[in-house]
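**Student:** Sharing structure35.cif here; it has mmCIF, C-alpha atoms.
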```
data_query
#
loop_
_atom_site.label_atom_id
_atom_site.label_comp_id
_atom_site.auth_asym_id
_atom_site.auth_seq_id
_atom_site.Cartn_x
_atom_site.Cartn_y
_atom_site.Cartn_z
CA MET A 9 0.00 0.00 0.00
CA GLU A 10 2.83 2.38 0.85
CA PHE A 11 4.35 1.73 -2.59
CA LEU A 12 1.03 2.49 -4.31
CA PHE A 13 0.66 5.69 -2.29
CA GLU A 14 4.16 6.88 -3.23
CA TYR A 15 3.61 5.90 -6.85
CA GLY A 16 0.32 7.83 -6.94
CA LEU A 17 1.99 10.85 -5.39
CA PHE A 18 4.74 10.69 -8.02
CA LEU A 19 2.15 10.55 -10.82
CA ALA A 20 0.30 13.53 -9.36
CA LYS A 21 3.51 15.58 -9.23
CA ALA A 22 4.43 14.59 -12.74
CA LEU A 23 0.96 15.45 -14.04
CA THR A 24 1.08 18.83 -12.27
CA LEU A 25 4.44 19.57 -13.89
CA VAL A 26 3.19 18.59 -17.36
CA VAL A 27 0.05 20.73 -16.99
CA ALA A 28 2.14 23.70 -15.84
CA VAL A 29 4.52 23.39 -18.78
CA VAL A 30 1.64 23.05 -21.26
CA ALA A 31 -0.06 26.11 -19.75
CA ILE A 32 3.14 28.17 -20.10
CA ILE A 33 3.57 27.06 -23.71
CA LEU A 34 -0.05 27.89 -24.56
CA VAL A 35 0.22 31.34 -23.03
CA ALA A 36 3.47 31.98 -24.85
CA ALA A 37 1.96 30.68 -28.08
CA GLN A 38 -0.90 33.14 -27.74
CA VAL A 39 1.62 35.95 -27.31
CA GLY A 40 3.41 34.75 -30.45
CA ARG A 41 0.20 34.71 -32.47
CA SER A 42 -0.70 38.21 -31.35
CA GLN A 43 2.64 39.50 -32.63
CA ARG A 44 2.54 37.87 -36.04
CA GLY A 45 1.05 40.91 -37.71
CA GLN A 46 3.90 43.09 -36.51
CA LYS A 47 5.47 45.07 -39.33
CA GLY A 48 9.17 45.00 -40.06
CA GLU A 49 11.65 47.67 -41.00
CA LEU A 50 13.76 47.92 -44.13
CA GLN A 51 17.38 48.58 -43.20
CA VAL A 52 19.96 49.84 -45.71
CA THR A 53 23.71 49.50 -45.08
CA CYS A 54 26.33 50.98 -47.40
CA LEU A 55 28.94 48.25 -47.74
CA SER A 56 31.07 50.57 -49.88
CA ASP A 57 31.45 52.90 -46.90
CA GLN A 58 32.35 49.96 -44.66
CA LEU A 59 35.15 48.90 -47.01
CA GLU A 60 36.45 52.48 -47.15
CA ASP A 61 36.41 52.64 -43.36
CA TYR A 62 38.49 49.44 -43.20
CA GLN A 63 40.94 50.90 -45.71
CA HIS A 64 41.32 54.22 -43.88
CA HIS A 65 41.72 52.49 -40.53
CA LEU A 66 44.51 50.25 -41.79
CA GLU A 67 46.20 53.04 -43.70
CA GLY A 68 46.20 55.16 -40.55
CA ALA A 69 48.06 52.38 -38.77
CA LEU A 70 50.45 51.46 -41.58
CA LEU A 71 51.36 54.71 -43.38
CA THR A 72 53.55 57.51 -42.16
CA LYS A 73 52.17 61.03 -41.65
CA GLU A 74 53.82 62.20 -44.86
CA GLN A 75 52.33 59.30 -46.83
CA LEU A 76 48.87 59.97 -45.37
CA LYS A 77 49.05 63.66 -46.29
CA ALA A 78 50.13 62.84 -49.83
CA LYS A 79 47.33 60.30 -50.17
CA GLU A 80 44.68 62.72 -48.84
CA LYS A 81 45.91 65.38 -51.26
CA ALA A 82 45.66 62.96 -54.20
CA GLU A 83 42.16 61.88 -53.11
CA LYS A 84 40.95 65.49 -52.90
CA LYS A 85 42.34 66.19 -56.35
CA ALA A 86 40.62 63.09 -57.75
CA GLU A 87 37.33 64.06 -56.07
CA LYS A 88 37.43 67.57 -57.59
CA ALA A 89 38.09 66.09 -61.03
CA ARG A 90 35.18 63.68 -60.58
CA GLN A 91 32.77 66.47 -59.56
CA LYS A 92 33.92 68.57 -62.51
CA GLU A 93 33.29 65.67 -64.87
CA GLU A 94 29.81 65.15 -63.40
CA LYS A 95 28.91 68.81 -64.00
CA ALA A 96 30.12 68.58 -67.59
CA ASN A 97 28.14 65.42 -68.23
CA VAL A 98 24.78 66.19 -66.69
CA ASP A 99 22.96 63.89 -69.10
CA LYS A 100 25.40 61.02 -68.65
CA PRO A 101 23.68 57.87 -67.33
CA ARG A 102 24.41 57.23 -63.66
CA ASP A 103 26.62 54.38 -62.58
CA GLY A 104 24.80 51.22 -61.62
CA ARG A 105 24.46 50.13 -58.03
CA VAL A 106 24.81 46.70 -56.46
CA PHE A 107 22.11 45.64 -54.01
CA VAL A 108 22.97 42.78 -51.65
CA LEU A 109 20.42 40.45 -50.05
CA ASP A 110 21.12 37.58 -47.64
CA PHE A 111 19.05 34.40 -47.64
CA LYS A 112 19.96 31.71 -45.11
CA ALA A 113 17.13 29.27 -44.58
CA GLY A 114 16.19 25.86 -43.21
CA ILE A 115 13.61 23.26 -44.16
CA GLU A 116 10.55 25.52 -44.07
CA ALA A 117 12.27 28.55 -45.66
CA SER A 118 10.40 30.91 -43.34
CA GLU A 119 12.92 33.61 -44.32
CA VAL A 120 10.98 34.05 -47.55
CA VAL A 121 8.78 36.49 -45.59
CA SER A 122 11.68 38.96 -45.46
CA LEU A 123 12.90 38.10 -48.95
CA ARG A 124 9.62 39.06 -50.60
CA GLU A 125 9.60 42.42 -48.80
CA GLU A 126 13.21 43.12 -49.78
CA ILE A 127 12.54 42.32 -53.43
CA SER A 128 9.34 44.37 -53.49
CA ALA A 129 11.30 47.33 -52.09
CA LEU A 130 14.07 46.81 -54.64
CA LEU A 131 11.68 46.80 -57.57
CA THR A 132 10.51 50.30 -56.65
CA VAL A 133 13.97 51.82 -57.26
CA ALA A 134 16.22 49.40 -59.18
CA ASP A 135 16.54 49.33 -62.96
CA LYS A 136 18.55 47.49 -65.61
CA GLN A 137 21.71 49.45 -64.79
CA ASP A 138 21.73 48.01 -61.28
CA GLN A 139 22.65 44.52 -60.10
CA VAL A 140 21.42 42.30 -57.30
CA LEU A 141 23.59 39.83 -55.41
CA VAL A 142 21.88 37.25 -53.20
CA ARG A 143 24.20 35.52 -50.74
CA LEU A 144 22.44 32.17 -50.53
CA GLU A 145 22.89 29.42 -47.96
CA SER A 146 20.44 26.53 -47.89
CA GLY A 147 20.36 22.76 -48.01
CA GLY A 148 16.74 22.75 -49.21
CA GLY A 149 13.42 21.83 -47.62
CA MET A 150 9.70 21.91 -48.34
CA VAL A 151 8.76 22.04 -52.02
CA HIS A 152 6.12 24.74 -51.73
CA ALA A 153 8.31 26.96 -49.53
CA TYR A 154 11.31 26.89 -51.86
CA GLY A 155 9.05 27.20 -54.86
CA LEU A 156 7.82 30.51 -53.46
CA ALA A 157 11.36 31.66 -52.65
CA SER A 158 12.46 30.85 -56.22
CA SER A 159 9.47 32.74 -57.59
CA GLN A 160 10.51 35.81 -55.61
CA LEU A 161 13.92 35.76 -57.29
CA ALA A 162 12.24 35.27 -60.66
CA ARG A 163 10.55 38.67 -60.16
CA LEU A 164 13.98 40.27 -60.56
CA ARG A 165 14.69 38.33 -63.75
CA GLU A 166 11.33 39.32 -65.18
CA ALA A 167 12.08 42.98 -64.42
CA GLY A 168 15.33 42.69 -66.37
CA ILE A 169 17.54 43.39 -63.35
CA PRO A 170 20.78 41.34 -63.49
CA LEU A 171 20.79 38.76 -60.70
CA THR A 172 23.84 37.00 -59.29
CA ILE A 173 23.70 34.25 -56.68
CA ALA A 174 26.75 33.74 -54.45
CA VAL A 175 27.13 30.42 -52.62
CA ASP A 176 29.80 30.37 -49.92
CA LYS A 177 28.70 27.15 -48.16
CA VAL A 178 25.75 25.28 -49.64
CA ALA A 179 22.99 25.60 -52.25
CA ALA A 180 21.54 22.12 -52.50
CA SER A 181 18.15 20.78 -53.52
CA GLY A 182 15.67 23.63 -52.87
CA GLY A 183 18.67 25.91 -52.41
CA TYR A 184 19.81 25.11 -55.94
CA MET A 185 16.23 25.60 -57.16
CA MET A 186 16.66 29.20 -56.04
CA ALA A 187 20.21 29.54 -57.36
CA CYS A 188 19.36 28.40 -60.88
CA VAL A 189 17.09 31.43 -61.36
CA ALA A 190 20.15 33.72 -61.41
CA ASP A 191 21.84 35.08 -64.53
CA HIS A 192 25.17 34.17 -62.96
CA ILE A 193 26.13 31.79 -60.13
CA VAL A 194 29.40 32.20 -58.23
CA ALA A 195 30.44 29.65 -55.64
CA ALA A 196 33.31 29.14 -53.23
CA PRO A 197 35.43 26.16 -54.33
CA PHE A 198 34.34 23.80 -51.55
CA SER A 199 30.71 24.86 -51.32
CA ILE A 200 28.12 22.11 -51.85
CA ILE A 201 26.03 22.34 -55.01
CA GLY A 202 23.28 20.24 -56.60
CA SER A 203 21.21 17.51 -54.95
CA ILE A 204 18.53 17.87 -57.61
CA GLY A 205 16.14 15.28 -56.24
CA VAL A 206 13.13 14.77 -53.98
CA ILE A 207 12.90 12.85 -50.72
CA ALA A 208 10.05 12.00 -48.36
CA GLN A 209 10.16 9.69 -45.36
CA LEU A 210 8.03 8.88 -42.35
CA PRO A 211 7.89 6.25 -39.62
CA ASN A 212 5.03 3.79 -39.30
CA PHE A 213 3.83 2.78 -35.84
CA ASN A 214 1.10 0.39 -36.95
CA LYS A 215 2.79 -2.80 -35.67
CA LEU A 216 3.55 -1.16 -32.33
CA LEU A 217 -0.08 -0.09 -31.95
CA LYS A 218 -1.31 -3.59 -32.78
CA LYS A 219 1.10 -5.07 -30.25
CA SER A 220 -0.38 -2.74 -27.61
CA ASN A 221 -3.97 -3.58 -28.70
CA ILE A 222 -4.55 0.01 -29.86
CA GLU A 223 -6.80 0.54 -32.85
CA PHE A 224 -6.30 3.41 -35.26
CA GLU A 225 -9.04 4.68 -37.55
CA GLN A 226 -8.72 7.09 -40.46
CA HIS A 227 -11.61 8.08 -42.68
CA THR A 228 -11.26 9.94 -45.97
CA ALA A 229 -13.41 11.01 -48.88
CA GLY A 230 -11.42 10.57 -52.06
CA GLU A 231 -9.28 7.56 -52.89
CA PHE A 232 -5.96 9.34 -52.50
CA LYS A 233 -6.78 11.97 -49.89
CA ARG A 234 -4.14 10.13 -47.87
CA THR A 235 -1.59 7.71 -49.26
CA LEU A 236 0.97 6.60 -46.69
CA THR A 237 0.09 6.97 -43.02
CA MET A 238 2.09 6.96 -39.80
CA PHE A 239 -0.38 4.94 -37.74
CA GLY A 240 -2.47 2.88 -40.13
CA GLU A 241 -1.46 -0.13 -42.19
CA ASN A 242 0.06 1.01 -45.49
CA THR A 243 -0.92 -0.73 -48.72
CA ASP A 244 1.05 -1.42 -51.89
CA SER A 245 -1.29 0.83 -53.88
CA ALA A 246 -0.69 3.68 -51.42
CA ARG A 247 3.07 3.20 -51.71
CA GLU A 248 2.85 3.18 -55.50
CA LYS A 249 0.79 6.39 -55.54
CA PHE A 250 3.22 8.03 -53.14
CA ARG A 251 6.22 7.17 -55.33
CA GLU A 252 4.30 8.45 -58.35
CA GLU A 253 3.80 11.80 -56.61
CA LEU A 254 7.51 11.98 -55.81
CA GLU A 255 8.39 11.34 -59.46
CA GLU A 256 5.95 14.05 -60.56
CA THR A 257 7.54 16.52 -58.14
CA HIS A 258 11.01 15.58 -59.40
CA GLY A 259 9.82 16.15 -62.97
CA LEU A 260 8.58 19.64 -62.10
CA PHE A 261 11.88 20.35 -60.34
CA LYS A 262 13.87 19.35 -63.44
CA ASP A 263 11.59 21.36 -65.74
CA PHE A 264 12.10 24.43 -63.56
CA ILE A 265 15.88 24.12 -63.67
CA GLY A 266 15.83 23.44 -67.40
CA ARG A 267 13.91 26.65 -68.00
CA TYR A 268 16.65 28.79 -66.45
CA ARG A 269 19.73 26.71 -67.31
CA PRO A 270 18.83 24.95 -70.57
CA GLU A 271 22.46 24.02 -71.26
CA LEU A 272 22.51 21.54 -68.35
CA ASP A 273 22.49 17.80 -68.99
CA LEU A 274 19.64 17.04 -66.57
CA GLY A 275 20.02 13.31 -67.07
CA LYS A 276 23.50 13.65 -65.61
CA VAL A 277 22.98 16.21 -62.85
CA ALA A 278 19.38 15.59 -61.68
CA THR A 279 20.19 12.32 -59.92
CA GLY A 280 20.00 13.63 -56.36
CA GLU A 281 23.81 13.78 -56.11
CA HIS A 282 25.68 16.80 -54.83
CA TRP A 283 29.12 18.11 -55.80
CA PHE A 284 31.73 20.54 -54.58
CA ALA A 285 31.72 23.74 -56.61
CA THR A 286 34.98 22.85 -58.35
CA GLN A 287 33.18 19.82 -59.79
CA ALA A 288 29.90 21.69 -60.29
CA LEU A 289 31.71 24.22 -62.50
CA ASP A 290 32.66 21.48 -64.97
CA LEU A 291 29.06 20.21 -64.95
CA GLY A 292 27.67 23.69 -65.69
CA LEU A 293 25.84 24.01 -62.38
CA VAL A 294 27.79 27.18 -61.50
CA ASP A 295 29.51 29.81 -63.64
CA GLU A 296 32.45 31.04 -61.57
CA LEU A 297 34.55 30.02 -58.57
CA SER A 298 34.70 32.89 -56.11
CA THR A 299 33.62 33.87 -52.63
CA SER A 300 30.93 36.51 -52.23
CA ASP A 301 33.52 38.72 -50.52
CA ASP A 302 35.86 38.76 -53.52
CA TRP A 303 32.97 39.35 -55.92
CA LEU A 304 31.71 42.31 -53.89
CA MET A 305 35.14 43.89 -53.48
CA LYS A 306 35.57 43.91 -57.26
CA GLN A 307 32.19 45.57 -57.71
CA ALA A 308 32.86 48.13 -54.98
CA LYS A 309 35.82 49.57 -56.91
CA ASP A 310 33.53 51.53 -59.22
CA LYS A 311 29.98 50.97 -57.92
CA GLU A 312 28.02 51.74 -54.80
CA VAL A 313 27.23 48.54 -52.86
CA LEU A 314 24.14 48.61 -50.64
CA LYS A 315 22.88 45.82 -48.37
CA LEU A 316 19.11 45.55 -47.83
CA SER A 317 17.57 43.73 -44.88
CA TYR A 318 13.91 43.53 -43.88
CA VAL A 319 14.00 43.07 -40.10
CA ILE A 320 11.14 42.33 -37.73
CA LYS A 321 12.18 43.35 -34.23
CA LYS A 322 11.08 40.97 -31.49
CA ASN A 323 11.22 41.28 -27.75
CA LEU A 324 11.98 38.27 -25.53
CA ALA A 325 8.33 37.37 -24.96
CA ASN A 326 7.65 37.63 -28.68
CA ARG A 327 10.59 35.38 -29.60
CA PHE A 328 9.65 32.74 -27.04
CA GLY A 329 5.95 32.97 -27.77
CA ARG A 330 6.31 32.78 -31.50
CA GLY A 331 8.73 29.88 -31.22
CA ALA A 332 6.33 27.96 -29.01
CA SER A 333 3.41 28.78 -31.27
CA GLU A 334 5.24 27.61 -34.37
CA ALA A 335 6.40 24.45 -32.60
CA LEU A 336 2.84 23.56 -31.59
CA GLU A 337 1.49 24.24 -35.05
CA ALA A 338 4.33 22.34 -36.67
CA VAL A 339 3.61 19.24 -34.59
CA THR A 340 -0.11 19.22 -35.31
CA MET A 341 0.25 20.04 -38.99
CA LYS A 342 3.04 17.59 -39.65
CA LEU A 343 1.24 14.70 -37.99
CA ALA A 344 -1.70 15.36 -40.31
CA GLU A 345 0.20 16.17 -43.49
CA LEU A 346 3.59 14.50 -43.27
CA ASN A 347 2.75 11.80 -45.74
CA GLN A 348 1.56 14.39 -48.25
CA ARG A 349 4.73 16.52 -48.10
CA SER A 350 7.99 15.98 -49.86
CA ARG A 351 11.30 17.78 -49.71
CA VAL A 352 13.62 19.20 -52.35
#
```
Once more with this new file: its structure as structure tokens, please.
**Tutor:**
Amino acid sequence: MEFLFEYGLFLAKALTLVVAVVAIILVAAQVGRSQRGQKGELQVTCLSDQLEDYQHHLEGALLTKEQLKAKEKAEKKAEKARQKEEKANVDKPRDGRVFVLDFKAGIEASEVVSLREEISALLTVADKQDQVLVRLESGGGMVHAYGLASSQLARLREAGIPLTIAVDKVAASGGYMMACVADHIVAAPFSIIGSIGVIAQLPNFNKLLKKSNIEFEQHTAGEFKRTLTMFGENTDSAREKFREELEETHGLFKDFIGRYRPELDLGKVATGEHWFATQALDLGLVDELSTSDDWLMKQAKDKEVLKLSYVIKKNLANRFGRGASEALEAVTMKLAELNQRSRV
């Protein structure tokens, strides 16, 4: 009896703890939902000025006073000559600018929220004389999420604004889906490129449920409303339909890449394999071996380089609440839809 009493007391404490944690998460989730409509702020940073600051700082430490005075004198002379030339050529077209965007995303590519705002802002001021560089880092994820991200980049192509993608670490699967939209792809030599394929996987607990005498029921209207399931018994016809859907998605993926890089041998590169950029260059998956830093420094010699970031400021409660809210929604949605989703 004493054992049962202690065991019951332990269960009561454990249940109290679980209820308290769930209550905290629900409250935080509500806070997160209430903040979702919060507007962000477009921030503009002049990378050209940053590079000049680095240069002046180092020159101040390395050059003598006489050398600094001579350099300042030469710079003032060059600036006067430039201003004089500008006055004499009032109708001369302005020099193009380089706009820099960063896109680092995971499986759900939630960063596309900021990307679409940045591109919308760009399209209000940029023209064909300007360029856009997107520093991309992604190993891919959900098909629909990366499809939307790729479509955002396509808006720049459709507007006739030259687009360059720089890959310093990885642009694989959905990441390469985005990269292929660019007019020009530069990649660091050991960055990972490719993985043009589709994958979907899920566990099945049906045998475990049967062993525990637990029944699972699922009712649908429509033969293929659900194919594979996590808890029910999967059939050969469901598996066949699921594989068919994966092949269809892979076909759409290849068609998309072929539209923007028609010179690629898709039979050779769309096998799901990935390569280092040095290999990807020979395959035609990238156009140039370079880091984004080197590419930008070359552009900054005669063009203004501006970085755009759409930032949504969050306080601590907002960050925790939104994270909890998204975690709860992700669990419920993925349990219901996991077998209908695939990844690129």
**Student:** Have a look at atom CA of A:Phe284 and atom CA of A:Ile115 and let me know their distance in Å, one decimal.
**Tutor:**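 Atom CA of A:Ile115 lies 21.1 Å from atom CA of A:Phe284.
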**Student:** So, with all atoms listed in the file as the atoms that count, which of A:Ala229, A:Met185, A:Ser203, A:Leu66 lies closest to A:Arg269?
**Tutor:**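 So, comparing all the options, the nearest one is A:Met185.
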**Student:** Between atom CA of A:Gln160 and atom CA of A:Ala308, what distance in Å does the model show, to one decimal?
**Tutor:**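 These atoms are spaced 25.5 Å apart.
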**Student:** Once the PyMOL selection byres ((chain A and resi 287) around 12) has been applied to the shown file, what residues remain in the selection, as a PyMOL selection string?
**Tutor:** chain A and resi 195-202+277+281-286+288-297
**Student:** Quick one: of A:Leu171, A:Leu131, A:Ala187, A:Asp103, who's nearest to A:Ala157, counting only C-alpha atoms?
**Tutor:**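 Of all the options, A:Ala187 lies closest to A:Ala157.
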**Student:** Just say which residues the PyMOL selection byres ((chain A and resi 150) around 6) picks in this file, as a list in words.
**Tutor:**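 That selection, the PyMOL selection byres ((chain A and resi 150) around 6), comes back as Ile115, Glu116, Gly149, Val151, His152, Ala153 and Arg351 of chain A.
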**Student:** Can you pull out the residues contacting A:Gly205? Cut-off 8 Å, using all atoms listed in the file, and skip same-chain residues under 3 positions away; I want them as an MDAnalysis selection string.
**Tutor:** chainID A and resid 181 258 261 278:281 352
**Student:** Convert the output of the PyMOL selection byres ((chain A and resi 109) around 12) on the shown file into explicit residues, formatted as a PDB file with C-alpha atoms, keeping the file's coordinate frame.
**Tutor:**
```
ATOM      1  CA  LEU A  50      13.760  47.920 -44.130  1.00  0.00           C
ATOM      2  CA  GLN A  51      17.380  48.580 -43.200  1.00  0.00           C
ATOM      3  CA  VAL A  52      19.960  49.840 -45.710  1.00  0.00           C
ATOM      4  CA  THR A  53      23.710  49.500 -45.080  1.00  0.00           C
ATOM      5  CA  LEU A  55      28.940  48.250 -47.740  1.00  0.00           C
ATOM      6  CA  VAL A 106      24.810  46.700 -56.460  1.00  0.00           C
ATOM      7  CA  PHE A 107      22.110  45.640 -54.010  1.00  0.00           C
ATOM      8  CA  VAL A 108      22.970  42.780 -51.650  1.00  0.00           C
ATOM      9  CA  ASP A 110      21.120  37.580 -47.640  1.00  0.00           C
ATOM     10  CA  PHE A 111      19.050  34.400 -47.640  1.00  0.00           C
ATOM     11  CA  LYS A 112      19.960  31.710 -45.110  1.00  0.00           C
ATOM     12  CA  GLU A 119      12.920  33.610 -44.320  1.00  0.00           C
ATOM     13  CA  VAL A 120      10.980  34.050 -47.550  1.00  0.00           C
ATOM     14  CA  SER A 122      11.680  38.960 -45.460  1.00  0.00           C
ATOM     15  CA  LEU A 123      12.900  38.100 -48.950  1.00  0.00           C
ATOM     16  CA  ARG A 124       9.620  39.060 -50.600  1.00  0.00           C
ATOM     17  CA  GLU A 125       9.600  42.420 -48.800  1.00  0.00           C
ATOM     18  CA  GLU A 126      13.210  43.120 -49.780  1.00  0.00           C
ATOM     19  CA  ILE A 127      12.540  42.320 -53.430  1.00  0.00           C
ATOM     20  CA  ALA A 129      11.300  47.330 -52.090  1.00  0.00           C
ATOM     21  CA  LEU A 130      14.070  46.810 -54.640  1.00  0.00           C
ATOM     22  CA  GLN A 139      22.650  44.520 -60.100  1.00  0.00           C
ATOM     23  CA  VAL A 140      21.420  42.300 -57.300  1.00  0.00           C
ATOM     24  CA  LEU A 141      23.590  39.830 -55.410  1.00  0.00           C
ATOM     25  CA  VAL A 142      21.880  37.250 -53.200  1.00  0.00           C
ATOM     26  CA  ARG A 143      24.200  35.520 -50.740  1.00  0.00           C
ATOM     27  CA  LEU A 144      22.440  32.170 -50.530  1.00  0.00           C
ATOM     28  CA  GLU A 145      22.890  29.420 -47.960  1.00  0.00           C
ATOM     29  CA  LEU A 161      13.920  35.760 -57.290  1.00  0.00           C
ATOM     30  CA  LEU A 171      20.790  38.760 -60.700  1.00  0.00           C
ATOM     31  CA  THR A 172      23.840  37.000 -59.290  1.00  0.00           C
ATOM     32  CA  ILE A 173      23.700  34.250 -56.680  1.00  0.00           C
ATOM     33  CA  ALA A 174      26.750  33.740 -54.450  1.00  0.00           C
ATOM     34  CA  SER A 300      30.930  36.510 -52.230  1.00  0.00           C
ATOM     35  CA  VAL A 313      27.230  48.540 -52.860  1.00  0.00           C
ATOM     36  CA  LEU A 314      24.140  48.610 -50.640  1.00  0.00           C
ATOM     37  CA  LYS A 315      22.880  45.820 -48.370  1.00  0.00           C
ATOM     38  CA  LEU A 316      19.110  45.550 -47.830  1.00  0.00           C
ATOM     39  CA  SER A 317      17.570  43.730 -44.880  1.00  0.00           C
ATOM     40  CA  TYR A 318      13.910  43.530 -43.880  1.00  0.00           C
TER      41      TYR A 318
END
```
**Student:** If you measure from atom CA of A:Gly104 to atom CA of A:Gln137, what distance in Å do you get, rounded to one decimal?
**Tutor:** 4.8 Å
**Student:** Considering all atoms listed in the file, can you say which of A:Tyr184, A:Gly240, A:Glu231, A:Glu83 comes closest to A:Tyr154?
**Tutor:**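 Among the listed residues, the smallest separation from A:Tyr154 belongs to A:Tyr184.
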**Student:** Show which residues sit within 9 Å of A:Tyr268, as a list in words. Count all atoms listed in the file, and ignore same-chain residues fewer than 6 positions away.
**Tutor:**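 The neighbour list is Cys188, Val189, Ala190 and Asp191 of chain A.
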**Student:** When distances are computed from only C-alpha atoms, which of A:Ile265, A:Leu274, A:Leu210, A:Ala89 shows the smallest separation from A:Asn242?
**Tutor:**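 Among the listed residues, the smallest separation from A:Asn242 belongs to A:Leu210.
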**Student:** Nearest to A:Glu312 among A:Lys276, A:Arg247, A:Arg105, A:Lys262, with distances taken over only C-alpha atoms: which residue is it?
**Tutor:** A:Arg105
**Student:** Nearest to A:Ser298: which of A:Glu80, A:Glu241, A:Glu60, A:Asp176 is it, counting all atoms listed in the file?
**Tutor:**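 Of A:Glu80, A:Glu241, A:Glu60, A:Asp176, the one nearest A:Ser298 is A:Asp176, counting all atoms listed in the file.
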**Student:** Is it possible to get the residues within 10 Å of (-6.2, 5.4, -40.6) (coordinates as in the file, counting all atoms listed in the file) written as a list in words?
**Tutor:** Asn214, Glu223, Phe224, Glu225, Gln226, His227, Thr228, Arg234, Leu236, Thr237, Met238, Phe239, Gly240, Glu241 and Asn242 of chain A
**Student:** For C-alpha atoms, I'd like the residues from the last selection saved as a PDB file, in the frame of the given file.
**Tutor:**
```pdb
ATOM      1  CA  ASN A 214       1.100   0.390 -36.950  1.00  0.00           C
ATOM      2  CA  GLU A 223      -6.800   0.540 -32.850  1.00  0.00           C
ATOM      3  CA  PHE A 224      -6.300   3.410 -35.260  1.00  0.00           C
ATOM      4  CA  GLU A 225      -9.040   4.680 -37.550  1.00  0.00           C
ATOM      5  CA  GLN A 226      -8.720   7.090 -40.460  1.00  0.00           C
ATOM      6  CA  HIS A 227     -11.610   8.080 -42.680  1.00  0.00           C
ATOM      7  CA  THR A 228     -11.260   9.940 -45.970  1.00  0.00           C
ATOM      8  CA  ARG A 234      -4.140  10.130 -47.870  1.00  0.00           C
ATOM      9  CA  LEU A 236       0.970   6.600 -46.690  1.00  0.00           C
ATOM     10  CA  THR A 237       0.090   6.970 -43.020  1.00  0.00           C
ATOM     11  CA  MET A 238       2.090   6.960 -39.800  1.00  0.00           C
ATOM     12  CA  PHE A 239      -0.380   4.940 -37.740  1.00  0.00           C
ATOM     13  CA  GLY A 240      -2.470   2.880 -40.130  1.00  0.00           C
ATOM     14  CA  GLU A 241      -1.460  -0.130 -42.190  1.00  0.00           C
ATOM     15  CA  ASN A 242       0.060   1.010 -45.490  1.00  0.00           C
TER      16      ASN A 242
END
```
**Student:** Write out as an mmCIF file with C-alpha atoms, keeping the file's coordinate frame which residues come within 9 Å of A:Gly168 when counting all atoms listed in the file, dropping same-chain ones fewer than 5 positions away.
**Tutor:**
```cif
data_model
loop_
_atom_site.group_PDB
_atom_site.id
_atom_site.type_symbol
_atom_site.label_atom_id
_atom_site.label_comp_id
_atom_site.auth_asym_id
_atom_site.auth_seq_id
_atom_site.Cartn_x
_atom_site.Cartn_y
_atom_site.Cartn_z
ATOM 1 C CA ASP A 135 16.540 49.330 -62.960
ATOM 2 C CA LYS A 136 18.550 47.490 -65.610
ATOM 3 C CA ARG A 163 10.550 38.670 -60.160
#
```
